[in-house]
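Okay, data.pdb is below, PDB, C-alpha atoms and all ligand atoms:
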ATOM      1  CA  MET A   1      -3.087  62.199  42.792
ATOM      2  CA  LYS A   2      -0.359  61.401  40.241
ATOM      3  CA  GLN A   3       1.369  64.685  41.125
ATOM      4  CA  ILE A   4       1.179  63.982  44.887
ATOM      5  CA  VAL A   5       2.614  60.490  44.426
ATOM      6  CA  GLU A   6       5.473  61.836  42.289
ATOM      7  CA  THR A   7       6.236  64.522  44.891
ATOM      8  CA  LEU A   8       6.296  61.961  47.713
ATOM      9  CA  ASN A   9       8.570  59.633  45.742
ATOM     10  CA  ALA A  10      10.984  62.518  45.104
ATOM     11  CA  GLN A  11      10.796  63.610  48.769
ATOM     12  CA  PHE A  12      11.733  60.158  50.087
ATOM     13  CA  LYS A  13      14.264  59.150  47.441
ATOM     14  CA  GLY A  14      17.256  57.519  49.175
ATOM     15  CA  LYS A  15      15.661  57.574  52.656
ATOM     16  CA  THR A  16      15.663  54.483  54.873
ATOM     17  CA  PRO A  17      12.501  52.396  55.321
ATOM     18  CA  GLU A  18      12.398  53.419  58.995
ATOM     19  CA  PHE A  19      12.509  57.122  58.068
ATOM     20  CA  VAL A  20       9.724  56.701  55.518
ATOM     21  CA  LEU A  21       7.573  54.620  57.902
ATOM     22  CA  ASP A  22       8.041  57.116  60.735
ATOM     23  CA  TRP A  23       6.891  60.005  58.514
ATOM     24  CA  PHE A  24       3.816  58.211  57.155
ATOM     25  CA  ILE A  25       2.816  56.766  60.554
ATOM     26  CA  LYS A  26       2.890  60.233  62.132
ATOM     27  CA  LYS A  27       1.154  61.888  59.176
ATOM     28  CA  HIS A  28      -1.618  59.249  58.894
ATOM     29  CA  LYS A  29      -1.991  58.250  62.551
ATOM     30  CA  GLY A  30      -4.911  55.826  62.931
ATOM     31  CA  LYS A  31      -5.379  55.627  59.155
ATOM     32  CA  ILE A  32      -2.403  53.467  58.210
ATOM     33  CA  ALA A  33      -1.899  49.710  58.539
ATOM     34  CA  LEU A  34       0.401  46.899  57.436
ATOM     35  CA  ALA A  35      -1.219  44.259  55.250
ATOM     36  CA  SER A  36       1.020  41.322  56.120
ATOM     37  CA  SER A  37       1.169  37.988  54.324
ATOM     38  CA  MET A  38       3.658  36.879  57.029
ATOM     39  CA  GLY A  39       6.480  36.748  54.456
ATOM     40  CA  ALA A  40      10.064  37.720  55.291
ATOM     41  CA  GLU A  41       9.558  41.310  54.105
ATOM     42  CA  ASP A  42       6.339  41.659  56.127
ATOM     43  CA  GLN A  43       8.143  40.402  59.217
ATOM     44  CA  VAL A  44      10.846  43.064  58.738
ATOM     45  CA  LEU A  45       8.152  45.719  58.419
ATOM     46  CA  THR A  46       6.341  44.400  61.500
ATOM     47  CA  ASP A  47       9.548  44.743  63.519
ATOM     48  CA  MET A  48      10.167  48.281  62.236
ATOM     49  CA  ILE A  49       6.575  49.391  62.760
ATOM     50  CA  VAL A  50       6.276  48.064  66.305
ATOM     51  CA  LYS A  51       9.499  49.888  67.210
ATOM     52  CA  ILE A  52       8.107  53.152  65.807
ATOM     53  CA  ASP A  53       4.531  52.918  67.082
ATOM     54  CA  PRO A  54       3.090  49.659  68.506
ATOM     55  CA  SER A  55      -0.458  50.913  68.047
ATOM     56  CA  VAL A  56      -0.284  50.719  64.233
ATOM     57  CA  ARG A  57      -2.669  48.051  62.947
ATOM     58  CA  ILE A  58      -1.217  44.896  61.403
ATOM     59  CA  PHE A  59      -3.542  42.516  59.662
ATOM     60  CA  THR A  60      -3.294  39.323  57.650
ATOM     61  CA  LEU A  61      -5.633  37.040  55.733
ATOM     62  CA  ASP A  62      -6.524  33.496  56.624
ATOM     63  CA  THR A  63      -7.498  32.177  53.214
ATOM     64  CA  GLY A  64      -8.265  28.768  54.707
ATOM     65  CA  ARG A  65      -5.487  27.212  52.586
ATOM     66  CA  LEU A  66      -2.338  28.378  54.398
ATOM     67  CA  PHE A  67       0.597  26.235  55.500
ATOM     68  CA  TYR A  68       0.609  25.071  59.112
ATOM     69  CA  GLU A  69       3.941  26.892  59.491
ATOM     70  CA  THR A  70       2.245  30.182  58.580
ATOM     71  CA  TYR A  71      -0.402  29.767  61.283
ATOM     72  CA  GLU A  72       2.344  28.988  63.749
ATOM     73  CA  LEU A  73       4.224  32.127  62.656
ATOM     74  CA  ILE A  74       1.153  34.305  63.207
ATOM     75  CA  GLU A  75       1.042  33.029  66.786
ATOM     76  CA  ARG A  76       4.792  33.461  67.377
ATOM     77  CA  THR A  77       4.770  36.985  65.940
ATOM     78  CA  SER A  78       1.829  37.975  68.099
ATOM     79  CA  LEU A  79       3.590  36.711  71.232
ATOM     80  CA  ARG A  80       6.966  38.216  70.335
ATOM     81  CA  TYR A  81       5.565  41.712  69.766
ATOM     82  CA  LYS A  82       2.788  41.454  72.378
ATOM     83  CA  LYS A  83       0.377  42.524  69.698
ATOM     84  CA  ASN A  84      -2.809  41.070  68.294
ATOM     85  CA  ILE A  85      -2.538  40.523  64.566
ATOM     86  CA  GLU A  86      -5.947  41.118  63.025
ATOM     87  CA  ILE A  87      -7.096  38.168  60.923
ATOM     88  CA  TYR A  88      -9.563  38.555  58.095
ATOM     89  CA  PHE A  89     -11.447  35.582  56.666
ATOM     90  CA  PRO A  90     -13.215  35.188  53.321
ATOM     91  CA  SER A  91     -16.993  35.152  53.231
ATOM     92  CA  PRO A  92     -18.041  31.551  54.120
ATOM     93  CA  GLU A  93     -20.991  31.762  51.705
ATOM     94  CA  ASP A  94     -18.747  32.838  48.818
ATOM     95  CA  VAL A  95     -16.209  30.060  49.506
ATOM     96  CA  GLU A  96     -18.951  27.430  49.817
ATOM     97  CA  LYS A  97     -20.557  28.494  46.550
ATOM     98  CA  MET A  98     -17.229  28.664  44.684
ATOM     99  CA  VAL A  99     -15.902  25.252  45.734
ATOM    100  CA  THR A 100     -19.288  23.573  45.373
ATOM    101  CA  GLU A 101     -19.663  24.818  41.796
ATOM    102  CA  LYS A 102     -16.023  24.595  40.651
ATOM    103  CA  GLY A 103     -14.263  22.096  42.896
ATOM    104  CA  ILE A 104     -12.135  22.288  46.014
ATOM    105  CA  ASN A 105      -8.919  22.759  43.964
ATOM    106  CA  LEU A 106     -10.450  24.861  41.201
ATOM    107  CA  PHE A 107      -7.299  27.011  40.856
ATOM    108  CA  TYR A 108      -5.443  24.301  38.887
ATOM    109  CA  GLN A 109      -8.127  24.157  36.182
ATOM    110  CA  SER A 110      -7.792  27.617  34.592
ATOM    111  CA  ILE A 111      -6.360  31.064  35.205
ATOM    112  CA  GLU A 112      -9.936  32.368  35.520
ATOM    113  CA  ASN A 113     -10.630  29.931  38.343
ATOM    114  CA  ARG A 114      -7.342  30.799  40.029
ATOM    115  CA  LYS A 115      -8.139  34.497  39.893
ATOM    116  CA  GLU A 116     -11.644  33.896  41.203
ATOM    117  CA  CYS A 117     -10.231  31.955  44.153
ATOM    118  CA  CYS A 118      -7.761  34.776  44.915
ATOM    119  CA  ARG A 119     -10.586  37.297  44.633
ATOM    120  CA  VAL A 120     -12.846  35.420  47.044
ATOM    121  CA  ARG A 121     -10.172  34.378  49.541
ATOM    122  CA  LYS A 122      -7.884  37.445  49.407
ATOM    123  CA  ILE A 123      -9.129  40.512  47.590
ATOM    124  CA  GLU A 124     -12.639  40.753  49.056
ATOM    125  CA  PRO A 125     -11.433  40.314  52.682
ATOM    126  CA  LEU A 126      -8.693  42.874  52.095
ATOM    127  CA  LYS A 127     -11.211  45.384  50.808
ATOM    128  CA  ARG A 128     -12.984  45.072  54.168
ATOM    129  CA  ALA A 129      -9.685  45.506  55.990
ATOM    130  CA  PHE A 130      -8.919  48.649  53.952
ATOM    131  CA  LYS A 131     -12.033  50.482  55.129
ATOM    132  CA  GLU A 132     -11.189  53.684  57.049
ATOM    133  CA  LEU A 133      -7.558  53.590  55.841
ATOM    134  CA  ASP A 134      -5.616  56.292  53.979
ATOM    135  CA  VAL A 135      -2.462  54.213  53.518
ATOM    136  CA  TRP A 136      -1.646  50.517  53.349
ATOM    137  CA  ILE A 137       1.892  49.371  53.935
ATOM    138  CA  CYS A 138       3.133  46.523  51.789
ATOM    139  CA  GLY A 139       6.311  44.421  51.612
ATOM    140  CA  LEU A 140       6.861  44.612  47.839
ATOM    141  CA  ARG A 141      10.427  44.721  46.552
ATOM    142  CA  ARG A 142      11.241  45.690  42.984
ATOM    143  CA  SER A 143      13.641  42.760  42.511
ATOM    144  CA  GLN A 144      11.101  40.144  43.594
ATOM    145  CA  SER A 145       9.829  39.242  40.143
ATOM    146  CA  ALA A 146       9.168  40.177  36.541
ATOM    147  CA  THR A 147       5.796  41.637  37.590
ATOM    148  CA  ARG A 148       7.284  44.099  40.115
ATOM    149  CA  THR A 149      10.076  45.915  38.276
ATOM    150  CA  ASP A 150       7.924  49.050  37.783
ATOM    151  CA  ASN A 151       6.676  49.374  41.356
ATOM    152  CA  GLN A 152       7.502  52.567  43.284
ATOM    153  CA  LEU A 153       7.967  53.507  46.942
ATOM    154  CA  VAL A 154       4.672  55.398  46.965
ATOM    155  CA  GLU A 155       1.818  54.386  44.652
ATOM    156  CA  TRP A 156      -1.831  55.278  44.254
ATOM    157  CA  ASP A 157      -3.974  52.164  44.607
ATOM    158  CA  GLU A 158      -6.735  53.118  42.215
ATOM    159  CA  ALA A 159      -8.828  49.998  42.853
ATOM    160  CA  ASN A 160      -9.019  50.650  46.593
ATOM    161  CA  GLY A 161      -8.733  54.447  46.657
ATOM    162  CA  LEU A 162      -5.768  54.729  49.007
ATOM    163  CA  ILE A 163      -1.999  55.163  49.050
ATOM    164  CA  LYS A 164       0.111  52.030  48.888
ATOM    165  CA  LEU A 165       3.479  52.385  50.597
ATOM    166  CA  ASN A 166       6.317  49.979  49.745
ATOM    167  CA  PRO A 167       9.114  50.909  52.216
ATOM    168  CA  LEU A 168      11.367  47.999  51.141
ATOM    169  CA  ILE A 169      10.995  48.665  47.424
ATOM    170  CA  ASP A 170      14.762  49.144  46.887
ATOM    171  CA  TRP A 171      15.919  46.381  49.228
ATOM    172  CA  SER A 172      17.598  43.221  48.009
ATOM    173  CA  GLU A 173      16.867  39.770  49.370
ATOM    174  CA  GLU A 174      20.208  39.993  51.206
ATOM    175  CA  ASP A 175      19.106  43.232  52.908
ATOM    176  CA  VAL A 176      15.943  41.490  54.161
ATOM    177  CA  TRP A 177      17.800  38.529  55.666
ATOM    178  CA  LYS A 178      20.514  40.725  57.164
ATOM    179  CA  TYR A 179      17.824  42.695  59.019
ATOM    180  CA  ILE A 180      16.040  39.509  60.148
ATOM    181  CA  LYS A 181      19.231  37.966  61.548
ATOM    182  CA  GLU A 182      20.502  41.154  63.195
ATOM    183  CA  ASN A 183      17.172  41.877  64.866
ATOM    184  CA  GLY A 184      16.096  38.328  65.729
ATOM    185  CA  VAL A 185      12.884  38.729  63.739
ATOM    186  CA  PRO A 186      10.622  35.625  63.722
ATOM    187  CA  TYR A 187      10.202  34.108  60.264
ATOM    188  CA  ASN A 188       8.572  31.177  58.526
ATOM    189  CA  PRO A 189      10.794  28.036  58.721
ATOM    190  CA  LEU A 190       9.726  27.166  55.154
ATOM    191  CA  HIS A 191      12.113  29.915  54.016
ATOM    192  CA  ASP A 192      14.957  27.590  55.091
ATOM    193  CA  LYS A 193      13.492  24.783  52.958
ATOM    194  CA  GLY A 194      13.548  26.445  49.547
ATOM    195  CA  PHE A 195      10.424  28.612  49.814
ATOM    196  CA  PRO A 196      11.481  32.267  49.304
ATOM    197  CA  SER A 197       7.872  33.362  48.694
ATOM    198  CA  ILE A 198       5.057  31.708  50.657
ATOM    199  CA  GLY A 199       1.368  31.939  49.904
ATOM    200  CA  CYS A 200      -1.389  29.352  50.075
ATOM    201  CA  GLN A 201      -0.197  25.757  50.421
ATOM    202  CA  PRO A 202      -1.689  24.370  47.160
ATOM    203  CA  CYS A 203      -0.288  27.296  45.141
ATOM    204  CA  THR A 204       3.268  27.410  46.517
ATOM    205  CA  ARG A 205       6.199  25.050  45.962
ATOM    206  CA  ALA A 206       9.903  25.139  46.813
ATOM    207  CA  ILE A 207      12.229  26.437  44.092
ATOM    208  CA  GLU A 208      15.549  25.208  42.724
ATOM    209  CA  PRO A 209      18.775  27.248  43.124
ATOM    210  CA  GLY A 210      18.920  29.907  40.390
ATOM    211  CA  GLU A 211      15.152  30.063  39.806
ATOM    212  CA  ASP A 212      13.278  33.385  40.092
ATOM    213  CA  ILE A 213      12.301  33.844  43.742
ATOM    214  CA  ARG A 214       8.602  33.856  42.847
ATOM    215  CA  ALA A 215       8.897  30.842  40.536
ATOM    216  CA  GLY A 216       7.266  28.684  43.215
ATOM    217  CA  ARG A 217       4.056  30.733  43.280
ATOM    218  CA  TRP A 218       1.359  29.536  40.819
ATOM    219  CA  TRP A 219       4.198  27.713  39.057
ATOM    220  CA  TRP A 220       1.895  26.422  36.331
ATOM    221  CA  GLU A 221       1.201  29.972  35.039
ATOM    222  CA  ASN A 222       3.239  32.435  32.915
ATOM    223  CA  PRO A 223       5.432  34.825  34.967
ATOM    224  CA  GLU A 224       3.451  37.835  33.678
ATOM    225  CA  THR A 225       0.182  36.635  35.254
ATOM    226  CA  LYS A 226       1.555  35.644  38.642
ATOM    227  CA  GLU A 227      -0.097  38.165  40.951
ATOM    228  CA  CYS A 228      -3.228  37.694  43.020
ATOM    229  CA  GLY A 229      -4.673  41.026  41.831
ATOM    230  CA  LEU A 230      -3.570  43.095  44.821
ATOM    231  CA  HIS A 231      -0.486  44.542  43.222
ATOM    232  CA  ASN A 232      -1.649  45.974  39.916
ATOM    233  CA  ARG A 233       0.272  49.198  39.710
ATOM    234  CA  LYS A 234      -1.421  52.613  39.414
ATOM    235  CA  LYS A 235       0.441  55.825  40.012
TER     236      LYS A 235
HETATM  237 FE1  LIG A 301      -6.842  30.337  46.118
HETATM  238 FE2  LIG A 301      -4.327  29.657  45.502
HETATM  239 FE3  LIG A 301      -5.129  32.242  45.409
HETATM  240 FE4  LIG A 301      -4.819  30.943  47.758
HETATM  241  S1  LIG A 301      -3.207  31.487  46.241
HETATM  242  S2  LIG A 301      -6.492  32.281  47.196
HETATM  243  S3  LIG A 301      -5.575  28.868  47.210
HETATM  244  S4  LIG A 301      -5.817  30.533  44.094
END
The structure in this file should be written as structure tokens.
Amino acid sequence: MKQIVETLNAQFKGKTPEFVLDWFIKKHKGKIALASSMGAEDQVLTDMIVKIDPSVRIFTLDTGRLFYETYELIERTSLRYKKNIEIYFPSPEDVEKMVTEKGINLFYQSIENRKECCRVRKIEPLKRAFKELDVWICGLRRSQSATRTDNQLVEWDEANGLIKLNPLIDWSEEDVWKYIKENGVPYNPLHDKGFPSIGCQPCTRAIEPGEDIRAGRWWWENPETKECGLHNRKK
């Protein structure tokens, strides 16, 4: 698989996200989907994907702890693109057990608790969403944070056994917002209030000018640990 991934990265070097998406959507018809967290990058990808092939699946996770603005964006996006966004929920039994044993805001107590919460509310539902897929499309950009500088356009997701495609890997934040403005793409109004990266409400805060754009995610942890477990890189 390492060889295939390297070949694909060489094949698509310098190509536009639309070109890459078009190729993968045709090649993996019915077996490719966007895993959207409703962030600015995911909204760009939604717009691109719907223009290429509106039948491509787009799904998101309702962790139960999202901002109201994110729920409202899910609705607006669905209406704008006349497309149902699939919503995956965590197992109610697992959430009940976790918060009963460790507290409703367990994530502030230790990194282990935070990772357990992300596993229950995000990773397990996504594993269900990944069933039957060959490729998942993701909005990662290399310049987003210290944890993403090594990410590639095409990666092998060892944990889930499928290709992970990052069409915006080389884009800057400016590229993202230029596309959003030029194409009238719906986006989360929290982005205009100092939230460049938006996750669950208790684990996201606004950032100050000059801070790393992911500084507001799990701000009480070291930069090196600030991923939910979905983006561990395997080639
Ligand atoms: Fe839980 Fe916070 Fe992870 Fe959301 S981001 S799943 S609330 S630890």
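Going from CA of Arg119 in chain A over to CA of Ile32 in chain A, you cover 22.6 Å.
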Edge lengths and centre in Å to one decimal, as AutoDock Vina command-line options, is what I'm after for the box along x, y and z that holds all listed atoms of ligand LIG 301 (chain A) once 5 Å is added on each side.
--center_x -5.0 --center_y 30.6 --center_z 45.9 --size_x 13.6 --size_y 13.4 --size_z 13.7
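Using all atoms listed in the file, the nearest neighbour of ligand LIG 301 (chain A) within the list A:Cys118, A:Leu162, A:Val50, A:Leu8 is A:Cys118.
Within the file as shown, the PyMOL selection byres (((chain A and resi 194) around 8) and not hetatm) identifies A:Leu190, A:His191, A:Asp192, A:Lys193, A:Phe195, A:Pro196, A:Ala206, A:Ile207, A:Glu208.
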Target residues per the PyMOL selection byres (((chain A and resi 57) around 7) and not hetatm), formatted as a PDB file with C-alpha atoms, in the coordinates of the input:
ATOM      1  CA  ALA A  33      -1.899  49.710  58.539  1.00  0.00           C
ATOM      2  CA  LEU A  34       0.401  46.899  57.436  1.00  0.00           C
ATOM      3  CA  SER A  55      -0.458  50.913  68.047  1.00  0.00           C
ATOM      4  CA  VAL A  56      -0.284  50.719  64.233  1.00  0.00           C
ATOM      5  CA  ILE A  58      -1.217  44.896  61.403  1.00  0.00           C
ATOM      6  CA  PHE A  59      -3.542  42.516  59.662  1.00  0.00           C
TER       7      PHE A  59
END
Exercise. Grab the CA of Lys127 in chain A to CA of Ile25 in chain A distance for me, in Å with one decimal place.
Key: 20.5 Å
Exercise. List the residues sitting within 9 Å of (6.0, 38.0, 60.4) in the file's frame, using only C-alpha atoms, as a PyMOL selection string.
Key: chain A and resi 36-47+70+73-74+76-78+185-188
How close does chain A get to ligand LIG 301 (chain A)? List, as a Markdown table, each residue of chain A within 8 Å, its nearest atom pair and the distance in Å to one decimal, counting all atoms listed in the file.
| residue | atom | partner | partner_atom | distance |
| --- | --- | --- | --- | --- |
| A:Thr63 | CA | A:LIG301 | S2 | 6.1 |
| A:Gly64 | CA | A:LIG301 | S3 | 8.0 |
| A:Arg65 | CA | A:LIG301 | S3 | 5.6 |
| A:Leu66 | CA | A:LIG301 | FE4 | 7.5 |
| A:Asn105 | CA | A:LIG301 | S3 | 7.7 |
| A:Leu106 | CA | A:LIG301 | S4 | 7.9 |
| A:Phe107 | CA | A:LIG301 | S4 | 5.0 |
| A:Asn113 | CA | A:LIG301 | S4 | 7.5 |
| A:Arg114 | CA | A:LIG301 | S4 | 4.3 |
| A:Lys115 | CA | A:LIG301 | S4 | 6.2 |
| A:Glu116 | CA | A:LIG301 | S4 | 7.3 |
| A:Cys117 | CA | A:LIG301 | FE1 | 4.2 |
| A:Cys118 | CA | A:LIG301 | S2 | 3.6 |
| A:Arg119 | CA | A:LIG301 | S2 | 7.0 |
| A:Val120 | CA | A:LIG301 | S2 | 7.1 |
| A:Arg121 | CA | A:LIG301 | S2 | 4.8 |
| A:Lys122 | CA | A:LIG301 | S2 | 5.8 |
| A:Gly199 | CA | A:LIG301 | S1 | 5.9 |
| A:Cys200 | CA | A:LIG301 | FE4 | 4.4 |
| A:Gln201 | CA | A:LIG301 | S3 | 7.0 |
| A:Pro202 | CA | A:LIG301 | S3 | 5.9 |
| A:Cys203 | CA | A:LIG301 | FE2 | 4.7 |
| A:Thr204 | CA | A:LIG301 | S1 | 7.7 |
| A:Arg217 | CA | A:LIG301 | S1 | 7.9 |
| A:Trp218 | CA | A:LIG301 | S1 | 7.4 |
| A:Cys228 | CA | A:LIG301 | FE3 | 6.2 |
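Of the listed residues (A:Val176, A:Ile104, A:Val135, A:Met98), A:Val135 comes nearest to Val154 in chain A; the distances count all atoms listed in the file.
Interatomic distance, CA of Glu86 in chain A to CA of Asp175 in chain A: 27.1 Å.
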Quiz item: Which polymer residues, protein or nucleic acid, are no farther than 7 Å from (3.0, 52.8, 52.7), counting all atoms listed in the file, as a VMD selection string?
Solution: chain A and resid 135 to 138 154 163 to 167
At a cut-off of 12 Å, can you tabulate as a Markdown table every residue of range 5-109 of chain A near range 156-160 of chain A together with its closest atom pair and the distance in Å to one decimal, using all atoms listed in the file and ordering rows by chain then number?
| residue | atom | partner | partner_atom | distance |
| --- | --- | --- | --- | --- |
| A:Val5 | CA | A:Trp156 | CA | 6.9 |
| A:Glu6 | CA | A:Trp156 | CA | 10.0 |
| A:Leu8 | CA | A:Trp156 | CA | 11.1 |
| A:Asn9 | CA | A:Trp156 | CA | 11.4 |
Self-check item: Spatial neighbours of Asp170 in chain A, max dist 8 Å, all atoms listed in the file, sep filter under 4 positions, as a list in words
Solution: Arg141, Arg142 and Ser143 of chain A
Quiz item: Ile87 in chain A: which residues within 8 Å, counting only C-alpha atoms, same-chain residues fewer than 5 positions away excluded, as an NGL selection string?
Solution: :A and (59-62)
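Minimum atom-to-atom distance to Lys27 in chain A, evaluated using only C-alpha atoms, belongs to A:Asp134 out of A:Asp94, A:Gly184, A:Leu140, A:Asp134.
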Any chance you could tabulate, as CSV, the residues of range 46-163 of chain A at most 9 Å from range 17-21 of chain A with each one's nearest atom pair and distance in Å to one decimal, using all atoms listed in the file, in chain and rising number order?
residue,atom,partner,partner_atom,distance
A:Met48,CA,A:Glu18,CA,6.5
A:Ile49,CA,A:Leu21,CA,7.2
A:Ile52,CA,A:Glu18,CA,8.1
A:Ile137,CA,A:Leu21,CA,8.7
Using the selection just defined, write its residues with C-alpha atoms as an mmCIF file, in the frame of the given file.
data_model
loop_
_atom_site.group_PDB
_atom_site.id
_atom_site.type_symbol
_atom_site.label_atom_id
_atom_site.label_comp_id
_atom_site.auth_asym_id
_atom_site.auth_seq_id
_atom_site.Cartn_x
_atom_site.Cartn_y
_atom_site.Cartn_z
ATOM 1 C CA MET A 48 10.167 48.281 62.236
ATOM 2 C CA ILE A 49 6.575 49.391 62.760
ATOM 3 C CA ILE A 52 8.107 53.152 65.807
ATOM 4 C CA ILE A 137 1.892 49.371 53.935
#
